[in-house]
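Everything on this sheet refers to the single structure shown next.
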Amino acid sequence: MATTTKLQPRALVRASGGPRYAVALAVDALGTGLLRPFLLLYGVTVLRLSAPATGIAMTVGVVVGLVCMPAVGRWLDRGARSTVVAASMLVRVLGVALLMATPAGDVRLFAAAALFLGIGNQAWPAAHAALVATVAHGRERDAALAAGRALRNAGLGTGALLATACLAGGTTALQALAAVTGLAYLAAAALAWSVHVHARPAATAAEERDEGPPPRMRVLLGANVIYVFCLNVPEIALPLVLVTQLHASPVWSAAIFVVNTVLVVTLQVPVTVLMSRFPRRSVLALAGVVLAASYLGFLAATSLGPGWSAPAVAAVSVVCTVGEIVYAGSATALVTALAPAHVLGRTLARFQLSTGFGLAVSPAVITALAPHGPAALWGSLATATFLSASAVAAEKDHRPTPGASRLMQSATADGDSSKERSVPY
C-alpha cells in the first residue's frame, strides 16, 4: 500500500487544486467565518425576529439544503468539478443578497436566505472532494483533502475572530459583515471557476455498467451520522455542560473552541500523513474508539468536584479533537477510495447527506440528552460511537473494478487558466 511519508508544501498545494484554488478556499472560508457564527444574531438583532423563529428558519435551511445533493452528485458524475465548486459559492452570494434585502420582521425571506446558504454549504464538501480526487490520487489525495480542511478551519477561525471584534458596532457592523461575506463568496467563486478542472464522464451506459454499481456503504454512512456528532461537541455539548451543569466560566468554552481550531489547523495534515501507514478503514475505526474514549473521559471529568471539573473537561477535549482529526482525515478519503470513478459524485453526495443529517440532528439530540445528566449524554454518545466503530471495522470493502482505476488519471493542477483541464474518470 502506497503511503505519504513526506510533506512537500508545493506538491501538496498542487494536489489540492493549485495556488488559485487554495486562495479560493481561504477566501470562501474567511467569508463563512465572518457570518455563520452570527447568523442567528443577525436574525434576532438586525431583523428583529424571535430567537425560536430564527433558529427554526436556519434549521430548515440546512435540512432542505440536503435535498440538492442527488442533483449535485449527478452533475459531478457528468464531469463537472471546479464549476460545481464555484456554483456552491455563488448560491451563497444569492443567500447573502436575500439576507441583506430582508426587511425587519420578515421571517419568510430570512428562511429563503438561510435555504440558499444551506444549499451552498451542503454542496461544497462533495464538490471540493470530487475536485481534489480528480487532480490527486492515492495517499497524496488523502493529504490534499486534509490540507483543505486545515486551510478551511484556519479561514473560519480568522473570520470568526474578525467578526467578534466588529460586534461592538451593533446592527450596522452585522450588516457590513454580511456584505463583506457576499463579496468574499463572489471572489472565491471567480477564483474557483478560473481553475477549470473537469473530468470526462463515462461514454456510454454499457461502459458505466462495466465499471460496476455505486458502493452501498450502508454501514459506513450510518456510522458517519454518529461520528459527525464530534464536530458539534466543542460548539454545543461542552459549552452546554460547562455553563449550565458545572457553572463554570464561559471562558473555558471559548478556550476549548480556540484550542480545537488550532489543533485542527496544525495537526490535520501531519496526523493524516502519519495514519497513511495503515488501511483507511482501520484508521476510521480507530477514530471511533478515540472519540468514544473521550466521551467516557468527559463523563469522568464531570464527576469531579468544583474547581476540577472544568480543567479536566478541557484536558479531555484535546483527546476528542485528536479523534475528530483522525476521523476527518480518513472518512472522506475512504469514500473516494471505495467509489468507482464514474459514480464518484453520487457517492460523495450520499456521504454528504449522512454528514449533513448528523450535523442537523446532533444539536437536538445533545440538548435533549443533557438535562438527564452526564451519564445519559456521554454514556449514550460513547456507546453509539463505539458500536459504529465496530461496525466500520467489520464491514468489508468492495473495491472499484480495474477499469475504473484505469480511467482515473491525474490532472495538472493550476496550469494555464485559459485552457480547461479534462481528465477521464
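Every chain in the C-alpha cells has a letter given in the order shown (A, B, ...), and although residue numbers restart at 1 in each chain, ligands are simply numbered from 1 in the order shown.
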So that each row is one residue of segment 154-232 of chain A with an atom at most 9 Å from segment 127-135 of chain A, can you give its shortest atom pair and the distance in Å to one decimal, using only C-alpha atoms, rows by chain and rising number, as a Markdown table?
```
| residue | atom | partner | partner_atom | distance |
| --- | --- | --- | --- | --- |
| A:Val197 | CA | A:Leu131 | CA | 7.1 |
| A:His198 | CA | A:Thr134 | CA | 8.1 |
| A:Ala199 | CA | A:Thr134 | CA | 7.1 |
```
Keeping only C-alpha atoms, write the selected residues as a PDB file, in the first residue's frame.
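In the end it all went to result-v6.pdb:
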```pdb
ATOM      1  CA  VAL A 197     -10.842  21.383 -13.682  1.00  0.00           C
ATOM      2  CA  HIS A 198     -13.132  18.969 -15.494  1.00  0.00           C
ATOM      3  CA  ALA A 199     -13.418  15.195 -15.748  1.00  0.00           C
TER       4      ALA A 199
END
```
Could you give me, as CSV, every segment 147-260 of chain A residue with an atom at most 10 Å from segment 25-35 of chain A, plus its closest atom pair and distance in Å to one decimal, counting only C-alpha atoms, rows ordered by chain then number?
```
residue,atom,partner,partner_atom,distance
A:Gly148,CA,A:Leu25,CA,7.6
A:Arg149,CA,A:Leu25,CA,9.5
A:Leu151,CA,A:Ala26,CA,6.4
A:Arg152,CA,A:Ala29,CA,5.3
A:Asn153,CA,A:Ala29,CA,7.4
A:Ala154,CA,A:Ala29,CA,7.9
A:Gly155,CA,A:Leu30,CA,4.4
A:Leu156,CA,A:Gly33,CA,4.0
A:Gly157,CA,A:Gly33,CA,6.3
A:Thr158,CA,A:Leu30,CA,6.5
A:Gly159,CA,A:Gly33,CA,4.1
A:Ala160,CA,A:Gly33,CA,4.7
A:Leu161,CA,A:Leu34,CA,8.0
A:Leu162,CA,A:Leu34,CA,6.9
A:Ala163,CA,A:Leu34,CA,5.2
A:Thr164,CA,A:Leu34,CA,8.4
A:Cys166,CA,A:Leu34,CA,9.7
A:Leu174,CA,A:Leu35,CA,8.3
A:Gln175,CA,A:Leu35,CA,9.8
A:Leu177,CA,A:Leu34,CA,6.3
A:Ala178,CA,A:Leu35,CA,6.2
A:Ala179,CA,A:Leu35,CA,9.5
A:Val180,CA,A:Gly31,CA,7.1
A:Thr181,CA,A:Gly31,CA,4.4
A:Gly182,CA,A:Gly31,CA,7.4
A:Leu183,CA,A:Gly31,CA,8.1
A:Ala184,CA,A:Gly31,CA,5.3
A:Tyr185,CA,A:Asp28,CA,5.4
A:Leu186,CA,A:Asp28,CA,8.6
A:Ala187,CA,A:Val27,CA,7.5
A:Ala188,CA,A:Asp28,CA,5.4
A:Ala189,CA,A:Asp28,CA,8.1
A:Leu191,CA,A:Leu25,CA,9.0
A:Ala192,CA,A:Leu25,CA,8.0
```
Counting only C-alpha atoms, which residues of segment 122-169 of chain A sit at most 12 Å from some atom of segment 271-283 of chain A, and what is each one's closest atom pair with its distance in Å to one decimal, listed by chain and rising residue number, as JSON lines?
```
{"residue": "A:Gly138", "atom": "CA", "partner": "A:Ser276", "partner_atom": "CA", "distance": 9.8}
{"residue": "A:Arg139", "atom": "CA", "partner": "A:Ser276", "partner_atom": "CA", "distance": 6.6}
{"residue": "A:Glu140", "atom": "CA", "partner": "A:Val273", "partner_atom": "CA", "distance": 8.8}
{"residue": "A:Arg141", "atom": "CA", "partner": "A:Val273", "partner_atom": "CA", "distance": 10.6}
{"residue": "A:Asp142", "atom": "CA", "partner": "A:Thr272", "partner_atom": "CA", "distance": 7.2}
{"residue": "A:Ala143", "atom": "CA", "partner": "A:Val273", "partner_atom": "CA", "distance": 6.2}
{"residue": "A:Ala144", "atom": "CA", "partner": "A:Thr272", "partner_atom": "CA", "distance": 9.7}
{"residue": "A:Leu145", "atom": "CA", "partner": "A:Thr272", "partner_atom": "CA", "distance": 9.4}
{"residue": "A:Ala146", "atom": "CA", "partner": "A:Thr272", "partner_atom": "CA", "distance": 6.7}
{"residue": "A:Ala147", "atom": "CA", "partner": "A:Thr272", "partner_atom": "CA", "distance": 9.3}
{"residue": "A:Arg149", "atom": "CA", "partner": "A:Thr272", "partner_atom": "CA", "distance": 11.2}
{"residue": "A:Ala150", "atom": "CA", "partner": "A:Thr272", "partner_atom": "CA", "distance": 11.1}
```
For the residues selected in the previous step, produce a file with N, CA and C atoms as a PDB file, in the first residue's frame.
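Output below, filename result_33.pdb:
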```
ATOM      1  N   GLY A 138      -4.448   8.366  -4.614  1.00  0.00           N
ATOM      2  CA  GLY A 138      -3.779   7.608  -3.568  1.00  0.00           C
ATOM      3  C   GLY A 138      -3.653   8.402  -2.282  1.00  0.00           C
ATOM      4  N   ARG A 139      -2.546   8.187  -1.613  1.00  0.00           N
ATOM      5  CA  ARG A 139      -2.337   8.855  -0.323  1.00  0.00           C
ATOM      6  C   ARG A 139      -2.055  10.346  -0.473  1.00  0.00           C
ATOM      7  N   GLU A 140      -1.588  10.763  -1.653  1.00  0.00           N
ATOM      8  CA  GLU A 140      -1.429  12.191  -1.912  1.00  0.00           C
ATOM      9  C   GLU A 140      -2.781  12.893  -1.852  1.00  0.00           C
ATOM     10  N   ARG A 141      -3.820  12.218  -2.360  1.00  0.00           N
ATOM     11  CA  ARG A 141      -5.173  12.767  -2.289  1.00  0.00           C
ATOM     12  C   ARG A 141      -5.629  12.907  -0.848  1.00  0.00           C
ATOM     13  N   ASP A 142      -5.341  11.910  -0.009  1.00  0.00           N
ATOM     14  CA  ASP A 142      -5.731  11.982   1.398  1.00  0.00           C
ATOM     15  C   ASP A 142      -5.115  13.206   2.068  1.00  0.00           C
ATOM     16  N   ALA A 143      -3.810  13.420   1.804  1.00  0.00           N
ATOM     17  CA  ALA A 143      -3.125  14.572   2.392  1.00  0.00           C
ATOM     18  C   ALA A 143      -3.697  15.879   1.859  1.00  0.00           C
ATOM     19  N   ALA A 144      -4.066  15.892   0.567  1.00  0.00           N
ATOM     20  CA  ALA A 144      -4.641  17.104  -0.016  1.00  0.00           C
ATOM     21  C   ALA A 144      -6.005  17.419   0.604  1.00  0.00           C
ATOM     22  N   LEU A 145      -6.827  16.413   0.818  1.00  0.00           N
ATOM     23  CA  LEU A 145      -8.109  16.628   1.485  1.00  0.00           C
ATOM     24  C   LEU A 145      -7.901  17.158   2.898  1.00  0.00           C
ATOM     25  N   ALA A 146      -6.898  16.605   3.599  1.00  0.00           N
ATOM     26  CA  ALA A 146      -6.596  17.075   4.954  1.00  0.00           C
ATOM     27  C   ALA A 146      -6.118  18.521   4.932  1.00  0.00           C
ATOM     28  N   ALA A 147      -5.297  18.867   3.933  1.00  0.00           N
ATOM     29  CA  ALA A 147      -4.803  20.237   3.825  1.00  0.00           C
ATOM     30  C   ALA A 147      -5.947  21.208   3.577  1.00  0.00           C
ATOM     31  N   ARG A 149      -9.013  20.854   4.600  1.00  0.00           N
ATOM     32  CA  ARG A 149      -9.757  21.024   5.846  1.00  0.00           C
ATOM     33  C   ARG A 149      -9.003  21.945   6.807  1.00  0.00           C
ATOM     34  N   ALA A 150      -7.684  21.781   6.886  1.00  0.00           N
ATOM     35  CA  ALA A 150      -6.897  22.645   7.761  1.00  0.00           C
ATOM     36  C   ALA A 150      -6.992  24.103   7.315  1.00  0.00           C
TER      37      ALA A 150
END
```
Given the choices A:Ala339, A:Ala57, A:Ala254, A:Leu344, which gets closest to Val107 of chain A if the distance is worked out from only C-alpha atoms? A:Ala57
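For the residues A:Val313, A:Ala382, A:Leu353, A:Leu304, ranking by smallest atom-to-atom distance to Pro239 of chain A using only C-alpha atoms places A:Val313 first.
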Which residues are close to Thr383 of chain A, i.e. within 10 Å by only C-alpha atoms, leaving aside same-chain residues fewer than 3 positions away? Reply as a list in words. Ala292, Ala293, Tyr295, Leu296, Trp378, Gly379, Ser380, Phe386, Leu387, Ser388 and Ala389 of chain A
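Proximity to Val219 of chain A was assessed for A:Ala22, A:Phe351, A:His247, A:Ala360 counting only C-alpha atoms; the smallest distance is recorded for A:Phe351.
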Calculated over only C-alpha atoms, which of the candidates A:Ala314, A:Trp252, A:Gly329, A:Leu242 has the smallest distance to Pro270 of chain A? A:Gly329
Please provide the set of residues having any atom within 9 Å of Val46 of chain A, restricted to only C-alpha atoms, with same-chain residues fewer than 3 positions apart removed, written as an MDAnalysis selection string. chainID A and resid 41:43 49 104 170:172 174:175
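Here the question is which of A:Leu334, A:Leu94, A:Val258, A:Ala364 gets nearest to Ile236 of chain A using only C-alpha atoms, and that residue is A:Ala364.
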Between A:Arg48, A:His372, A:Thr332, A:Ala337, which has the minimum distance to His137 of chain A (counting only C-alpha atoms)? A:Ala337
Distance query segment 307-312 of chain A at most 12 Å, only C-alpha atoms, self and fewer than 4 positions along chain excluded, as a PDB file with N, CA and C atoms, in the first residue's frame:
```pdb
ATOM      1  N   LEU A 238     -20.068  20.834  24.954  1.00  0.00           N
ATOM      2  CA  LEU A 238     -19.206  21.296  26.053  1.00  0.00           C
ATOM      3  C   LEU A 238     -19.642  22.642  26.631  1.00  0.00           C
ATOM      4  N   PRO A 239     -19.973  23.658  25.811  1.00  0.00           N
ATOM      5  CA  PRO A 239     -20.497  24.897  26.410  1.00  0.00           C
ATOM      6  C   PRO A 239     -21.754  24.659  27.240  1.00  0.00           C
ATOM      7  N   VAL A 241     -22.663  21.890  28.862  1.00  0.00           N
ATOM      8  CA  VAL A 241     -22.325  21.207  30.109  1.00  0.00           C
ATOM      9  C   VAL A 241     -21.564  22.132  31.052  1.00  0.00           C
ATOM     10  N   LEU A 242     -20.583  22.854  30.517  1.00  0.00           N
ATOM     11  CA  LEU A 242     -19.740  23.701  31.366  1.00  0.00           C
ATOM     12  C   LEU A 242     -20.542  24.825  32.022  1.00  0.00           C
ATOM     13  N   VAL A 243     -21.416  25.461  31.252  1.00  0.00           N
ATOM     14  CA  VAL A 243     -22.114  26.646  31.756  1.00  0.00           C
ATOM     15  C   VAL A 243     -23.341  26.274  32.578  1.00  0.00           C
ATOM     16  N   GLN A 245     -24.376  23.060  33.753  1.00  0.00           N
ATOM     17  CA  GLN A 245     -24.282  21.974  34.728  1.00  0.00           C
ATOM     18  C   GLN A 245     -23.121  22.152  35.703  1.00  0.00           C
ATOM     19  N   LEU A 246     -21.973  22.578  35.169  1.00  0.00           N
ATOM     20  CA  LEU A 246     -20.808  22.758  36.043  1.00  0.00           C
ATOM     21  C   LEU A 246     -20.674  24.183  36.545  1.00  0.00           C
ATOM     22  N   HIS A 247     -21.484  25.097  35.993  1.00  0.00           N
ATOM     23  CA  HIS A 247     -21.473  26.514  36.400  1.00  0.00           C
ATOM     24  C   HIS A 247     -20.068  27.102  36.310  1.00  0.00           C
ATOM     25  N   ALA A 248     -19.367  26.721  35.254  1.00  0.00           N
ATOM     26  CA  ALA A 248     -18.012  27.232  35.025  1.00  0.00           C
ATOM     27  C   ALA A 248     -18.081  28.508  34.193  1.00  0.00           C
ATOM     28  N   SER A 249     -17.011  29.254  34.198  1.00  0.00           N
ATOM     29  CA  SER A 249     -16.944  30.490  33.424  1.00  0.00           C
ATOM     30  C   SER A 249     -17.021  30.179  31.930  1.00  0.00           C
ATOM     31  N   PRO A 250     -17.704  31.026  31.146  1.00  0.00           N
ATOM     32  CA  PRO A 250     -17.748  30.838  29.688  1.00  0.00           C
ATOM     33  C   PRO A 250     -16.365  30.885  29.037  1.00  0.00           C
ATOM     34  N   VAL A 251     -15.394  31.404  29.781  1.00  0.00           N
ATOM     35  CA  VAL A 251     -14.026  31.452  29.252  1.00  0.00           C
ATOM     36  C   VAL A 251     -13.529  30.051  28.902  1.00  0.00           C
ATOM     37  N   TRP A 252     -13.932  29.055  29.691  1.00  0.00           N
ATOM     38  CA  TRP A 252     -13.497  27.676  29.422  1.00  0.00           C
ATOM     39  C   TRP A 252     -14.010  27.205  28.061  1.00  0.00           C
ATOM     40  N   SER A 253     -15.259  27.511  27.768  1.00  0.00           N
ATOM     41  CA  SER A 253     -15.827  27.114  26.473  1.00  0.00           C
ATOM     42  C   SER A 253     -15.080  27.784  25.328  1.00  0.00           C
ATOM     43  N   ALA A 255     -12.012  28.924  25.369  1.00  0.00           N
ATOM     44  CA  ALA A 255     -10.652  28.385  25.282  1.00  0.00           C
ATOM     45  C   ALA A 255     -10.641  27.028  24.589  1.00  0.00           C
ATOM     46  N   ILE A 256     -11.622  26.185  24.899  1.00  0.00           N
ATOM     47  CA  ILE A 256     -11.708  24.857  24.268  1.00  0.00           C
ATOM     48  C   ILE A 256     -11.918  25.000  22.767  1.00  0.00           C
ATOM     49  N   SER A 294     -12.970   9.476  24.602  1.00  0.00           N
ATOM     50  CA  SER A 294     -13.047  10.869  25.062  1.00  0.00           C
ATOM     51  C   SER A 294     -14.408  11.162  25.696  1.00  0.00           C
ATOM     52  N   GLY A 297     -14.254   9.960  28.980  1.00  0.00           N
ATOM     53  CA  GLY A 297     -13.428  10.898  29.739  1.00  0.00           C
ATOM     54  C   GLY A 297     -14.223  12.108  30.204  1.00  0.00           C
ATOM     55  N   PHE A 298     -15.099  12.621  29.339  1.00  0.00           N
ATOM     56  CA  PHE A 298     -15.962  13.734  29.754  1.00  0.00           C
ATOM     57  C   PHE A 298     -16.883  13.315  30.895  1.00  0.00           C
ATOM     58  N   LEU A 299     -17.389  12.084  30.818  1.00  0.00           N
ATOM     59  CA  LEU A 299     -18.250  11.582  31.894  1.00  0.00           C
ATOM     60  C   LEU A 299     -17.496  11.561  33.218  1.00  0.00           C
ATOM     61  N   ALA A 300     -16.244  11.088  33.188  1.00  0.00           N
ATOM     62  CA  ALA A 300     -15.438  11.050  34.410  1.00  0.00           C
ATOM     63  C   ALA A 300     -15.092  12.461  34.881  1.00  0.00           C
ATOM     64  N   ALA A 301     -14.792  13.351  33.952  1.00  0.00           N
ATOM     65  CA  ALA A 301     -14.393  14.712  34.315  1.00  0.00           C
ATOM     66  C   ALA A 301     -15.522  15.470  34.991  1.00  0.00           C
ATOM     67  N   THR A 302     -16.751  15.258  34.526  1.00  0.00           N
ATOM     68  CA  THR A 302     -17.876  15.989  35.112  1.00  0.00           C
ATOM     69  C   THR A 302     -18.223  15.507  36.510  1.00  0.00           C
ATOM     70  N   SER A 303     -17.684  14.368  36.904  1.00  0.00           N
ATOM     71  CA  SER A 303     -17.966  13.853  38.248  1.00  0.00           C
ATOM     72  C   SER A 303     -17.003  14.385  39.294  1.00  0.00           C
ATOM     73  N   VAL A 316      -9.634  16.696  28.475  1.00  0.00           N
ATOM     74  CA  VAL A 316     -10.215  15.603  27.689  1.00  0.00           C
ATOM     75  C   VAL A 316     -10.600  16.087  26.296  1.00  0.00           C
ATOM     76  N   SER A 317     -10.932  17.375  26.162  1.00  0.00           N
ATOM     77  CA  SER A 317     -11.325  17.901  24.858  1.00  0.00           C
ATOM     78  C   SER A 317     -10.199  17.772  23.840  1.00  0.00           C
ATOM     79  N   VAL A 318      -8.953  17.751  24.317  1.00  0.00           N
ATOM     80  CA  VAL A 318      -7.812  17.556  23.409  1.00  0.00           C
ATOM     81  C   VAL A 318      -7.874  16.159  22.794  1.00  0.00           C
ATOM     82  N   VAL A 319      -8.217  15.168  23.620  1.00  0.00           N
ATOM     83  CA  VAL A 319      -8.358  13.792  23.116  1.00  0.00           C
ATOM     84  C   VAL A 319      -9.490  13.727  22.094  1.00  0.00           C
TER      85      VAL A 319
END
```
Take atom CA of Leu98 of chain A and atom CA of Gln122 of chain A and report the distance between them in Å, one decimal. 18.3 Å
I need the strand (DSSP E or B) residues of segment 108-289 of chain A per DSSP on the backbone, written as a PDB file with N, CA, C and O atoms, in the first residue's frame.
```pdb
ATOM      1  N   VAL A 197     -11.063  22.830 -13.803  1.00  0.00           N
ATOM      2  CA  VAL A 197     -10.842  21.383 -13.682  1.00  0.00           C
ATOM      3  C   VAL A 197     -12.128  20.672 -14.088  1.00  0.00           C
ATOM      4  O   VAL A 197     -13.209  21.006 -13.611  1.00  0.00           O
ATOM      5  N   HIS A 198     -11.990  19.713 -14.988  1.00  0.00           N
ATOM      6  CA  HIS A 198     -13.132  18.969 -15.494  1.00  0.00           C
ATOM      7  C   HIS A 198     -12.720  17.512 -15.605  1.00  0.00           C
ATOM      8  O   HIS A 198     -11.531  17.193 -15.701  1.00  0.00           O
ATOM      9  N   ALA A 199     -13.693  16.611 -15.562  1.00  0.00           N
ATOM     10  CA  ALA A 199     -13.418  15.195 -15.748  1.00  0.00           C
ATOM     11  C   ALA A 199     -14.299  14.672 -16.864  1.00  0.00           C
ATOM     12  O   ALA A 199     -15.452  15.097 -16.998  1.00  0.00           O
ATOM     13  N   ARG A 200     -13.785  13.781 -17.680  1.00  0.00           N
ATOM     14  CA  ARG A 200     -14.571  13.234 -18.775  1.00  0.00           C
ATOM     15  C   ARG A 200     -15.419  12.086 -18.260  1.00  0.00           C
ATOM     16  O   ARG A 200     -14.889  11.092 -17.758  1.00  0.00           O
TER      17      ARG A 200
END
```
